[in-house]
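*Asks:* Please find one structure pasted underneath; my questions will follow.
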Amino acid sequence: MSGTPLTAAACGLLSCHVCGLVSKAPPEGTTGHCPRCSARLHRRKPDSVARAWALLSAAYIMYLPANLLPIMETGSLFGSQNDTILSGVIYLWHSGSWDLAVVVFIASIMVPFLKMVALTLLLVSVQRRASWLPVQRTKLYRLVELVGRWSMLDIYVVTILAALVQLGSLATITAGPAALAFGAVVVLTMFAALQFDPRLIWDPLQKERTEHD
Amino acid sequence: MSNPLPLIACHECDLLQREVPAPPGRVVRCGRCGAELYRSAHATVDRPLAFSLAAAVLFIVANAYPIVGLAMQGTRKETTLLGAVHALWSQEMHLISALVFLTTLLVPAIELAVMIHLLLALQRGRTPAGFTQIMRVLQSVSPWGMVEVFMLGILVALVKLTHFAQVIPGIALWTFGALILLMAAAAASFDIRDVWDRASRTRREDSP
């Protein structure tokens, strides 16, 4: 027994997802409530994988219009110009602010994409009950949760620009249709990450161990 | 069922562990996956309360004054956060406008109000009214407060603008910077687990 890490689930215990209190699991087939905060108890987040897949698929779809449609429309005396996220980055690069170009490129293009790839990897590995590198996969999940919010950057940039640059015929900036798609990608991937239950990464290890014993 | 077990189950890998004593403010991590289990509590809640109160004052200032102004060929334009939200709304970008309003205004406001209400009661040794509901609201709302991302967004926008107009930083720009630091300090000195423990202790004293 000593040296074998024990999970709460293996001991017939559940931790409350609201207050964290560990309590006895209710008998099979009944729903229990936390003795401290009376929240409904779940062994794992309900339908975690299916819900995360649904949200993630929607995010993949929205990623296309987010990058292909213009996020910002600039109008002035000299004509109008439509900017996609990528062309905005290129503009920053050519105008000498290469550091900001890198920040925006990472926050708006790389992070959302890598986040979706990471969530896909986590979901596939959990569905196949993989037991490889659980610590690293948990760290990957933590990174996805930590970094996701920073993708909102471009939405805020457009917000400020659209509010400020309303100088009549000199220059006006309005938000383009990609802003909506991009916002949807950020919100959908955040919800997908919230739905994913990292404890599912560790469950196959427990099974393996009990089978060996 | 009445006695809570002195155990912690890691919320990321479900490993059962015992609470260990640690100096106040120190983060205790899961022995298997390294997730943050809890932050060892200070004797009082004065610290997070002070930070939250200061943050609330700055939050009001940050929203009352313009963030940035723009001067170009004699015309001048400046905007507050709410003004920017309103501008998006009037450009028929309703959903984006609502998203910005939620993440930079409503959620931080709820978070600050709820924390102050909670901590004021705990400081006087009482359980605040509607405690469990408040904790649930706080938990579900907190991933969506994005003031620090908004701040970076302002900076990027400013750099884009400096190329073709004169940019005038407003009072709220500096206030937002300070607000982020205070909110981070409040969050770092506030531990959800400790709040639950305090509340259940005061409850038990209320009804012996």
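The chains in the structure tokens are called A, B, ... from first to last as shown; in each chain the residues are counted from 1, and the ligands are counted from 1 in the order shown.
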Give the residues of chain B that lie within 7 Å of chain A; count only C-alpha atoms, and format the answer as a PyMOL selection string.

*Replies:* chain B and resi 1+5+7-9+12-16+33+70+77-79+84+87-88+96+132+136+149-150+152-154+156-157+196

*Asks:* Hey, what does DSSP flag as strand (DSSP E or B) within stretch 1-205 of chain B? Can you give it to me as a list in words?

*Replies:* Leu7, Ile8, Ala9, Leu15, Leu16, Gln17, Arg18, Val27, Val28, Arg29, Glu36, Leu37, Tyr38, Arg39, Val68, Gly69, Leu70, Ala71, Met72, Thr75, Arg76, Lys77, Glu78, Thr79, Gln166, Val167, Ile168 and Pro169 of chain B

*Asks:* Near stretch 23-32 of chain B, counting only C-alpha atoms, which residues have an atom at most 7 Å away, once you skip same-chain residues fewer than 6 positions from it, shown as a list in words?

*Replies:*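 After dropping sequence-adjacent residues, the list is Cys10, Tyr38, Arg39, Ser40, Ala41, His42 and Ser189 of chain B.
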
*Asks:* Here is a test: counting only C-alpha atoms, which residue of B:Gln123, B:Ser142, B:Thr162, B:Thr103 is nearest to B:Arg198?

*Replies:*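 Of the candidates, the smallest distance to B:Arg198 is held by B:Gln123.
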
*Asks:* Hey, what's within 12 Å of A:Ala52 if we count only C-alpha atoms and toss same-chain stuff fewer than 3 positions away? As a ChimeraX atom specification, please?

*Replies:* /A:45-49,55-59,116,119-120,122-124,126-127,188-198

*Asks:* Here is a test: counting only C-alpha atoms, which residue of B:Ala165, B:Leu112, B:Trp89, B:Gln133 is nearest to B:Thr75?

*Replies:* B:Ala165

*Asks:* Contacts of B:Ile180 at 8 Å or less, counting only C-alpha atoms, minus same-chain residues fewer than 4 places along, as an MDAnalysis selection string?

*Replies:* chainID B and resid 147:148 176 184

*Asks:* Please measure the separation of atom CA of B:Leu81 and atom CA of B:Leu53, giving the value in Å to one decimal.

*Replies:* 20.8 Å

*Asks:* Which residue is closest to B:Val85? Choose from B:Met72, B:Val137, B:Leu102, B:Ala109 and count only C-alpha atoms.

*Replies:*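 Of B:Met72, B:Val137, B:Leu102, B:Ala109, the one nearest B:Val85 is B:Leu102, counting only C-alpha atoms.
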
*Asks:* Considering only C-alpha atoms, state which residue in the set B:Leu181, B:Ile110, B:Ala186, B:Ile67 is at the smallest distance from B:Leu155.

*Replies:*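 With only C-alpha atoms as the atom set, the closest residue is B:Ile67.
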